[in-house]
Structure formats: C-alpha cells, structure tokens
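The data block below is target_32.txt; it holds compact mmCIF, C-alpha atoms.
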```txt
# COMPACT_ATOMS: atom_id res chain seq x y z
CA MET A 1 183.90 85.60 -149.97
CA GLN A 2 183.11 85.27 -153.64
CA LYS A 3 183.13 88.15 -156.10
CA VAL A 4 179.95 88.50 -158.17
CA HIS A 5 179.38 90.28 -161.47
CA VAL A 6 176.59 92.83 -161.04
CA VAL A 7 175.91 92.55 -164.77
CA PRO A 8 177.25 89.90 -167.17
CA ASP A 9 180.80 90.87 -168.18
CA GLY A 10 180.53 93.89 -165.85
CA PRO A 11 182.37 94.87 -162.68
CA ALA A 12 182.86 92.30 -159.94
CA PHE A 13 181.74 93.28 -156.44
CA SER A 14 182.16 91.50 -153.15
CA GLU A 15 178.88 89.83 -152.11
CA LEU A 16 178.61 92.36 -149.29
CA VAL A 17 179.37 96.06 -149.69
CA GLN A 18 180.67 98.24 -146.87
CA GLY A 19 178.69 101.48 -146.71
CA TYR A 20 180.54 104.56 -145.48
CA TRP A 21 177.68 107.08 -145.29
CA ARG A 22 177.97 107.23 -141.48
CA MET A 23 181.75 107.27 -141.34
CA GLY A 24 181.79 110.77 -139.88
CA GLU A 25 179.68 109.59 -136.92
CA TRP A 26 181.99 106.72 -135.95
CA ASP A 27 184.21 109.07 -133.90
CA ARG A 28 187.52 107.29 -134.25
CA SER A 29 191.07 108.11 -135.23
CA LEU A 30 192.39 107.68 -138.77
CA GLN A 31 194.43 104.71 -137.59
CA SER A 32 191.24 103.11 -136.21
CA HIS A 33 189.46 103.78 -139.51
CA LEU A 34 192.39 102.15 -141.30
CA ARG A 35 192.18 99.09 -139.08
CA PHE A 36 188.45 98.77 -139.76
CA LEU A 37 189.08 98.99 -143.51
CA GLU A 38 191.81 96.34 -143.27
CA GLN A 39 189.52 94.11 -141.20
CA HIS A 40 186.65 94.12 -143.66
CA LEU A 41 189.10 93.57 -146.51
CA GLU A 42 190.37 90.53 -144.61
CA LEU A 43 186.76 89.31 -144.47
CA GLY A 44 186.54 89.66 -148.26
CA ILE A 45 184.49 92.88 -148.39
CA THR A 46 186.29 94.82 -151.09
CA THR A 47 183.49 97.03 -152.44
CA VAL A 48 182.79 100.32 -150.63
CA ASP A 49 179.87 102.70 -151.08
CA HIS A 50 180.18 106.51 -150.97
CA ALA A 51 178.44 109.64 -152.24
CA HIS A 52 179.61 113.21 -152.53
CA VAL A 53 176.84 114.36 -150.12
CA TYR A 54 177.66 111.93 -147.30
CA GLY A 55 178.96 113.48 -144.09
CA GLY A 56 179.66 117.01 -142.98
CA ASP A 57 182.99 118.78 -142.78
CA PRO A 58 185.08 116.80 -143.51
CA SER A 59 182.96 114.71 -145.84
CA CYS A 60 183.00 110.93 -145.58
CA GLU A 61 184.86 110.77 -148.89
CA ALA A 62 187.54 113.12 -147.56
CA LEU A 63 187.89 111.04 -144.40
CA PHE A 64 188.20 107.88 -146.45
CA GLY A 65 190.78 109.54 -148.67
CA ASP A 66 192.82 110.48 -145.59
CA VAL A 67 192.70 106.82 -144.52
CA LEU A 68 193.93 105.67 -147.94
CA LYS A 69 196.86 108.09 -147.67
CA LEU A 70 198.04 106.04 -144.70
CA GLN A 71 198.14 102.89 -146.86
CA PRO A 72 197.91 103.83 -150.58
CA SER A 73 198.35 100.23 -151.72
CA LEU A 74 194.84 99.42 -150.45
CA ARG A 75 193.28 101.35 -153.35
CA SER A 76 194.09 98.52 -155.77
CA LYS A 77 192.18 96.09 -153.53
CA LEU A 78 188.98 98.14 -153.54
CA GLU A 79 186.01 98.76 -155.81
CA ILE A 80 184.89 102.31 -154.99
CA VAL A 81 181.29 103.22 -155.74
CA SER A 82 180.24 106.84 -155.42
CA LYS A 83 177.12 108.79 -156.30
CA CYS A 84 176.24 112.20 -157.72
CA GLY A 85 173.12 114.21 -158.43
CA ILE A 86 171.99 115.61 -155.05
CA GLU A 87 172.62 119.30 -154.37
CA LEU A 88 172.18 120.45 -150.78
CA VAL A 89 171.66 123.91 -149.32
CA ASP A 90 175.24 124.66 -148.39
CA HIS A 91 175.92 128.04 -149.96
CA GLN A 92 174.02 131.23 -150.74
CA ASP A 93 172.83 130.49 -154.26
CA VAL A 94 171.18 127.15 -153.33
CA ARG A 95 167.86 127.83 -151.59
CA VAL A 96 166.41 124.30 -151.59
CA ASN A 97 167.82 120.80 -151.69
CA HIS A 98 167.35 119.50 -155.21
CA TYR A 99 168.51 116.98 -157.80
CA ASP A 100 170.84 117.87 -160.66
CA ALA A 101 171.92 115.41 -163.35
CA SER A 102 173.15 118.08 -165.74
CA PRO A 103 176.54 117.51 -167.38
CA ASN A 104 178.22 120.27 -165.35
CA ALA A 105 176.87 118.89 -162.06
CA ILE A 106 177.89 115.30 -162.85
CA ARG A 107 181.38 116.33 -163.87
CA ALA A 108 181.85 118.64 -160.86
CA SER A 109 180.74 115.87 -158.50
CA VAL A 110 183.14 113.36 -160.05
CA GLU A 111 186.05 115.79 -159.83
CA THR A 112 185.19 116.48 -156.18
CA SER A 113 184.99 112.78 -155.32
CA LEU A 114 188.28 111.99 -157.05
CA ARG A 115 190.04 114.82 -155.23
CA ARG A 116 188.63 113.87 -151.84
CA LEU A 117 189.32 110.17 -152.23
CA GLY A 118 192.80 110.76 -153.63
CA THR A 119 192.23 108.42 -156.57
CA ASP A 120 192.42 108.76 -160.34
CA TYR A 121 189.21 106.88 -161.05
CA LEU A 122 185.92 105.62 -159.64
CA ASP A 123 185.04 102.01 -160.28
CA VAL A 124 181.34 102.89 -160.46
CA LEU A 125 179.42 106.17 -160.49
CA LEU A 126 175.69 106.16 -159.73
CA LEU A 127 173.11 108.88 -160.24
CA HIS A 128 171.93 109.15 -156.65
CA ARG A 129 168.31 110.12 -157.28
CA PRO A 130 166.23 110.52 -160.47
CA ASP A 131 166.33 114.14 -161.58
CA LEU A 132 162.94 115.09 -163.07
CA LEU A 133 164.83 117.40 -165.45
CA LEU A 134 167.23 114.65 -166.56
CA ASP A 135 168.19 114.87 -170.25
CA ALA A 136 169.09 111.28 -171.13
CA ASP A 137 171.15 112.23 -174.17
CA ALA A 138 173.19 114.78 -172.22
CA VAL A 139 173.79 112.32 -169.36
CA ALA A 140 174.86 109.61 -171.79
CA ASP A 141 177.32 111.97 -173.48
CA THR A 142 178.77 112.94 -170.11
CA PHE A 143 179.10 109.31 -169.04
CA ASN A 144 180.90 108.47 -172.28
CA GLU A 145 183.30 111.39 -171.85
CA LEU A 146 184.14 110.48 -168.25
CA HIS A 147 184.75 106.88 -169.29
CA GLN A 148 186.98 107.90 -172.20
CA GLU A 149 188.96 110.14 -169.85
CA GLY A 150 189.51 107.17 -167.50
CA LYS A 151 187.79 108.88 -164.59
CA VAL A 152 184.87 106.41 -164.23
CA GLN A 153 184.92 102.77 -165.30
CA HIS A 154 181.21 101.93 -164.99
CA PHE A 155 177.91 103.72 -164.45
CA GLY A 156 174.63 102.93 -162.74
CA VAL A 157 171.71 104.54 -160.97
CA SER A 158 170.12 104.66 -157.55
CA ASN A 159 166.43 104.87 -156.59
CA PHE A 160 165.32 104.88 -160.24
CA THR A 161 161.99 103.53 -161.44
CA ASN A 162 161.97 100.94 -164.21
CA THR A 163 160.93 103.56 -166.76
CA GLN A 164 163.68 105.96 -165.71
CA PHE A 165 166.25 103.14 -165.83
CA ALA A 166 165.08 102.04 -169.29
CA LEU A 167 165.16 105.59 -170.67
CA LEU A 168 168.76 106.20 -169.67
CA GLN A 169 169.85 102.71 -170.77
CA SER A 170 168.32 103.34 -174.20
CA ARG A 171 170.90 106.10 -174.77
CA LEU A 172 173.92 104.09 -173.63
CA GLU A 173 175.96 101.41 -175.36
CA LYS A 174 177.45 100.13 -172.10
CA PRO A 175 175.01 98.64 -169.57
CA LEU A 176 173.98 100.42 -166.42
CA VAL A 177 175.52 98.05 -163.89
CA THR A 178 173.07 98.41 -160.99
CA ASN A 179 170.13 100.22 -159.46
CA GLN A 180 170.78 100.88 -155.77
CA VAL A 181 167.38 100.67 -154.06
CA GLU A 182 165.94 100.26 -150.59
CA ILE A 183 165.20 96.62 -149.82
CA ASN A 184 164.07 95.47 -146.39
CA PRO A 185 161.14 93.64 -144.79
CA VAL A 186 159.65 96.93 -143.51
CA ASN A 187 159.42 98.93 -146.72
CA LEU A 188 158.29 96.40 -149.32
CA ASN A 189 157.83 98.83 -152.20
CA THR A 190 160.64 97.53 -154.38
CA VAL A 191 159.68 93.93 -153.56
CA ASN A 192 156.06 94.48 -154.58
CA ASP A 193 156.19 97.07 -157.38
CA GLY A 194 158.07 95.20 -160.10
CA THR A 195 161.45 96.90 -159.64
CA LEU A 196 163.27 93.69 -158.81
CA GLU A 197 161.56 91.70 -161.55
CA PHE A 198 162.67 94.34 -164.07
CA LEU A 199 166.28 94.08 -162.89
CA GLN A 200 166.12 90.29 -162.93
CA GLN A 201 164.79 90.43 -166.50
CA HIS A 202 167.82 92.46 -167.56
CA ARG A 203 170.27 90.45 -165.42
CA VAL A 204 171.22 93.47 -163.32
CA ARG A 205 171.92 92.89 -159.65
CA PRO A 206 170.49 95.61 -157.40
CA MET A 207 172.50 97.09 -154.55
CA ALA A 208 170.30 96.90 -151.45
CA TRP A 209 170.47 99.88 -149.07
CA SER A 210 168.88 100.20 -145.61
CA CYS A 211 168.35 96.46 -145.23
CA LEU A 212 167.77 96.97 -141.48
CA ALA A 213 165.36 99.87 -142.06
CA GLY A 214 167.71 102.38 -140.50
CA GLY A 215 167.85 100.34 -137.28
CA HIS A 216 164.10 100.65 -136.63
CA ILE A 217 163.78 96.92 -137.01
CA PHE A 218 165.46 96.46 -133.60
CA GLY A 219 163.58 98.84 -131.32
CA ASP A 220 160.53 100.39 -132.95
CA GLN A 221 157.43 99.47 -130.93
CA SER A 222 154.83 99.90 -133.65
CA THR A 223 152.44 97.03 -134.27
CA GLN A 224 154.05 96.18 -137.60
CA MET A 225 157.59 96.25 -136.24
CA THR A 226 156.75 94.22 -133.14
CA ARG A 227 155.01 91.56 -135.24
CA LEU A 228 157.93 91.47 -137.66
CA ARG A 229 160.56 91.31 -134.92
CA HIS A 230 158.82 88.33 -133.28
CA THR A 231 158.78 86.48 -136.60
CA LEU A 232 162.45 87.24 -137.23
CA GLU A 233 163.30 85.98 -133.73
CA ASP A 234 161.37 82.75 -134.34
CA ILE A 235 163.20 82.13 -137.61
CA ALA A 236 166.56 83.00 -136.02
CA ASN A 237 165.89 80.24 -133.49
CA GLU A 238 165.00 77.82 -136.29
CA LEU A 239 168.27 78.65 -138.05
CA SER A 240 170.28 78.51 -134.80
CA VAL A 241 171.60 82.06 -135.09
CA ASP A 242 171.64 84.73 -132.40
CA ALA A 243 170.88 87.91 -134.32
CA ILE A 244 167.81 88.93 -136.30
CA ASP A 245 169.93 91.12 -138.59
CA GLN A 246 171.41 87.91 -140.01
CA VAL A 247 167.91 86.69 -140.85
CA VAL A 248 167.14 89.99 -142.57
CA TYR A 249 170.28 89.76 -144.72
CA ALA A 250 169.34 86.19 -145.66
CA TRP A 251 165.80 87.39 -146.52
CA VAL A 252 167.16 90.09 -148.86
CA ARG A 253 169.65 87.72 -150.49
CA ARG A 254 166.90 85.12 -151.08
CA LEU A 255 165.36 87.41 -153.70
CA PRO A 256 165.96 86.03 -157.22
CA SER A 257 167.32 89.37 -158.47
CA LYS A 258 170.33 88.50 -156.25
CA PRO A 259 170.83 91.81 -154.46
CA VAL A 260 174.26 92.84 -153.24
CA VAL A 261 173.75 93.87 -149.61
CA ILE A 262 175.19 97.14 -148.29
CA ILE A 263 176.20 97.10 -144.61
CA GLY A 264 176.05 100.43 -142.80
CA SER A 265 177.66 99.53 -139.50
CA GLY A 266 181.17 100.59 -138.51
CA ASP A 267 181.28 97.83 -135.87
CA ILE A 268 183.43 95.00 -137.17
CA THR A 269 181.53 92.50 -134.97
CA ARG A 270 178.29 93.33 -136.76
CA VAL A 271 180.09 93.21 -140.10
CA GLN A 272 181.33 89.73 -139.21
CA ARG A 273 177.73 88.72 -138.42
CA ALA A 274 176.71 89.87 -141.89
CA VAL A 275 179.48 87.76 -143.40
CA ASP A 276 178.31 84.75 -141.38
CA ALA A 277 174.79 85.31 -142.72
CA LEU A 278 176.04 84.42 -146.20
CA ASN A 279 175.81 80.79 -145.06
CA LEU A 280 172.11 81.06 -144.17
CA SER A 281 169.36 79.86 -146.47
CA LEU A 282 165.69 80.61 -145.88
CA SER A 283 163.00 78.23 -147.03
CA GLN A 284 160.21 79.52 -149.26
CA GLU A 285 157.85 79.35 -146.27
CA GLN A 286 160.21 81.22 -143.94
CA TRP A 287 160.68 84.00 -146.50
CA TYR A 288 156.91 84.43 -146.86
CA ARG A 289 156.36 84.37 -143.09
CA ILE A 290 158.50 87.50 -142.89
CA TRP A 291 156.57 89.10 -145.77
CA VAL A 292 153.24 88.27 -144.09
CA ALA A 293 154.45 89.64 -140.74
CA SER A 294 155.35 92.93 -142.38
CA MET A 295 152.18 93.25 -144.46
CA GLY A 296 149.88 92.21 -141.63
CA HIS A 297 147.89 89.85 -143.85
CA GLY A 298 148.38 86.68 -145.81
CA VAL A 299 149.05 86.34 -149.52
CA PRO A 300 146.03 87.04 -151.77
```
Starting from the file, give its structure as structure tokens.
Amino acid sequence: MQKVHVVPDGPAFSELVQGYWRMGEWDRSLQSHLRFLEQHLELGITTVDHAHVYGGDPSCEALFGDVLKLQPSLRSKLEIVSKCGIELVDHQDVRVNHYDASPNAIRASVETSLRRLGTDYLDVLLLHRPDLLLDADAVADTFNELHQEGKVQHFGVSNFTNTQFALLQSRLEKPLVTNQVEINPVNLNTVNDGTLEFLQQHRVRPMAWSCLAGGHIFGDQSTQMTRLRHTLEDIANELSVDAIDQVVYAWVRRLPSKPVVIIGSGDITRVQRAVDALNLSLSQEQWYRIWVASMGHGVP
C-alpha cells in the first residue's frame, strides 16, 4: 500500500487508516490485539486513529499502549493520530458534555494521550470538534509550544467548517494537515456543502470517518437505505466484488479531494476487504447512481 502526503510536504499516511475507537468492544486478549495490529501493518496500514475520549475504563488509548508494551519496536512503524477537545461528564465538576479548546485542556489531553499510549510524541493531534469559545491565537500558541517541545509533530482539525478551518489556519505558520469529517453515501452533507471543495482548493486531504454510516448501510430498512443498498449491490455485481462495503470505500475514494478512509472494524477479514477495494474504480455514472439513490432524486 502506498503512503500519501495529506498535505504537500506534510506527514505521510497509509491510504487506509485503522480506527481504534471501538477497541474496548472487541473483547480480546492483549496478545490478540497485538496480532491484529501486526496483521494490518503487514497489509500496509500504518496510520492509526485515536482520541482521548474513546472507550471506557480502560480507555482505548490505554489498551493500545498496553499492546505496544508487548512489542515496543512497532511504535516506529506507526503514525499515531489522536484528538482532543471533548470533555465528558465523568467527575463532579463537569455537569454537561462540552467542547474545550483552551490551552490548558489541549495540553492536559496531550499529556494524557502520551502517558496512556506510552509514547513520547503524537504524529498528529486534531481538535476533535469546533469549540464555539475557541481563541485562535491561544490555540496557535499552544500548538507551537507542543511542537517545539517535541510532543506533537503535526496538527489538524476534525468536524470543522470551512470558516473555522480558515480562521485557525490564519494564525498558524505550519499547515493544518487534515480535517477529519464524516463522508458516506447516507449523510451527504460534506459532499454537498462545499467542505470537500475547500479542502481540495488548499490541497488538504480529508480523513473520512463513518464511511459505512455506523453499519446502518447494511441492515437499516428505511426507504433511503433500502434504495441505496440495492444500488450498491448492483454496482458490486458490475465490479465483480462480493461486498457492498468495498463499493462504498471506492465511492469515498473517488472524490477529488482524495479522502483517506478510516476503517472501524476490528475484524481482519473486513480490513482485508477494504484493502482489496483500493483496486476498484467507479465510473462517473456509477458514482452518481449512488448519489441519486441516497438523495432520492436525480441531479438538478
């Protein structure tokens, strides 16, 4: 699998990213987790996606850190992405879930992630959600300090609008390396609202989360999902593949902003299917058939 630069002269990611937000639900031993990590590394998937809020007790980052302790040499083969900025109700002085991109919160999250993961640095840190109280100058100063201290190599955002992205970038000398956004044929917001055109304009590859719409694409019986599933099945037959998830990955990757796809499954067979989907190419007409099936109407 090729490595791709998410921005020119920026960090290189594997074309597929292994998401670990459900790691705590996989119910397997540390040795089994290690084998899964080794298997997707063998497939060429070297970039992994975390966040300090993923999982329970232990957190997904802590679990992953325990796995790395079994084989510390694997750290040098990985690009670790983590996220900060979401504060959950988990102790007495937090009454509501909220966003916090203040310098103290960013720094505390980074220190927590480094300790859990057992590493000296994060390859990329993303602001997980746009904080409506975000002070762009303060965030930029914090990013610069963390970079100078060697704790974070690159920075990006997640779920930001174009305006929010542009504001923060205006305060930074180094480029924001990605915007991690939801991209799938069910929720077409980022496809239709200009987000991907903005990233393409600035030569920033998005990271695509929830490409399979949280699994709803397989079993949801709504009119939209049934119509979409039938279209995906037809195109799978045309491409001579067995699984509609492969068609979805090809649909996401067909976008000219060149998204890097995040895989959420802990099943190495499904991960292998995603890797095989890298060889698929949708025609212009096939891509739009999926769009039409989701929207329920033709193009204007």
d(CA of Thr112 (chain A), CA of His50 (chain A)) in Å
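Separation between CA of Thr112 (chain A) and CA of His50 (chain A): 12.3 Å.
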Between CA of Gly194 (chain A) and CA of Lys3 (chain A), measure the distance and give it in Å to one decimal.
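Distance between the two atoms: 26.3 Å.
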If you count only C-alpha atoms, the residue of A:Lys258, A:His5, A:Lys69, A:Arg205 closest to Leu30 (chain A) turns out to be A:Lys69
Each region 102-125 of chain A residue no farther than 9 Å from region 59-67 of chain A, nearest pair in Å, all atoms listed in the file, as CSV:
```
residue,atom,partner,partner_atom,distance
A:Ser113,CA,A:Glu61,CA,6.7
A:Leu114,CA,A:Glu61,CA,8.9
A:Arg115,CA,A:Ala62,CA,8.2
A:Arg116,CA,A:Ala62,CA,4.5
A:Leu117,CA,A:Gly65,CA,3.9
A:Gly118,CA,A:Gly65,CA,5.5
A:Thr119,CA,A:Gly65,CA,8.1
```
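Take CA of Ser257 (chain A) and CA of Pro206 (chain A): the distance between them is 7.1 Å.
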Residues at most 6 Å from Thr46 (chain A), counting only C-alpha atoms, excluding those fewer than 5 positions away in the same chain, as a PDB file with C-alpha atoms, in the coordinates of the input?
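Below you can see selection.pdb, which holds the result:
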```pdb
ATOM      1  CA  SER A  14     182.160  91.500-153.150  1.00  0.00           C
ATOM      2  CA  LEU A  41     189.100  93.570-146.510  1.00  0.00           C
ATOM      3  CA  LEU A  78     188.980  98.140-153.540  1.00  0.00           C
TER       4      LEU A  78
END
```
Kindly indicate which residue among A:Asp276, A:Leu126, A:Arg171, A:Trp291 lies nearest to Met225 (chain A), using only C-alpha atoms for the distances.
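Distance minimum relative to Met225 (chain A) lands on A:Trp291.
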A:Asn179, A:Asn279, A:Ser210, A:Gln153: which is nearest Asp123 (chain A), counting only C-alpha atoms?
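Among the listed residues, the smallest separation from Asp123 (chain A) belongs to A:Gln153.
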Measuring atom to atom with all atoms listed in the file, identify which of A:Glu238, A:Leu168, A:Gly266, A:Ala136 is nearest to Asp27 (chain A).
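Ranking A:Glu238, A:Leu168, A:Gly266, A:Ala136 by distance to Asp27 (chain A), first place goes to A:Gly266.
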Per residue of region 218-275 of chain A within 12 Å of region 186-193 of chain A, note the shortest atom pair and the distance in Å to one decimal, counting all atoms listed in the file, and order the rows by chain and increasing residue number, as CSV.
```
residue,atom,partner,partner_atom,distance
A:Phe218,CA,A:Val186,CA,11.5
A:Asp220,CA,A:Val186,CA,11.1
A:Ser222,CA,A:Val186,CA,11.4
A:Thr223,CA,A:Val186,CA,11.7
A:Gln224,CA,A:Val186,CA,8.2
A:Met225,CA,A:Val186,CA,7.6
A:Thr226,CA,A:Val186,CA,11.1
A:Arg227,CA,A:Val186,CA,10.9
A:Leu228,CA,A:Val186,CA,8.2
A:Arg229,CA,A:Val186,CA,10.3
A:Leu232,CA,A:Val186,CA,11.9
A:Val248,CA,A:Val186,CA,10.3
A:Trp251,CA,A:Val191,CA,11.4
A:Val252,CA,A:Val191,CA,9.6
A:Arg254,CA,A:Val191,CA,11.7
A:Leu255,CA,A:Val191,CA,8.6
A:Pro256,CA,A:Val191,CA,10.7
A:Ser257,CA,A:Val191,CA,10.2
A:Pro259,CA,A:Val191,CA,11.4
```
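Residue nearest Gly296 (chain A), chosen from A:Thr231, A:Leu68, A:Arg203, A:His216 and counting all atoms listed in the file: A:Thr231.
Remark: for Asp267 (chain A), the closest of the candidate residues A:Val17, A:Met23, A:Val124, A:Ala243 is A:Met23 (distances computed over only C-alpha atoms).
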Selection as a PyMOL selection string: residues within 12 Å of (187.1, 89.4, -144.7), counting only C-alpha atoms
chain A and resi 1-2+14-18+36-47+268-269+271-276
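For Ala250 (chain A), the non-local neighbours within 9 Å, defined as residues at least 4 positions apart in the same chain or in other chains and counting all atoms listed in the file, are Asp245, Gln246, Arg254, Ala277, Leu278, Asn279, Leu280, Ser281, Leu282 and Trp287 of chain A.
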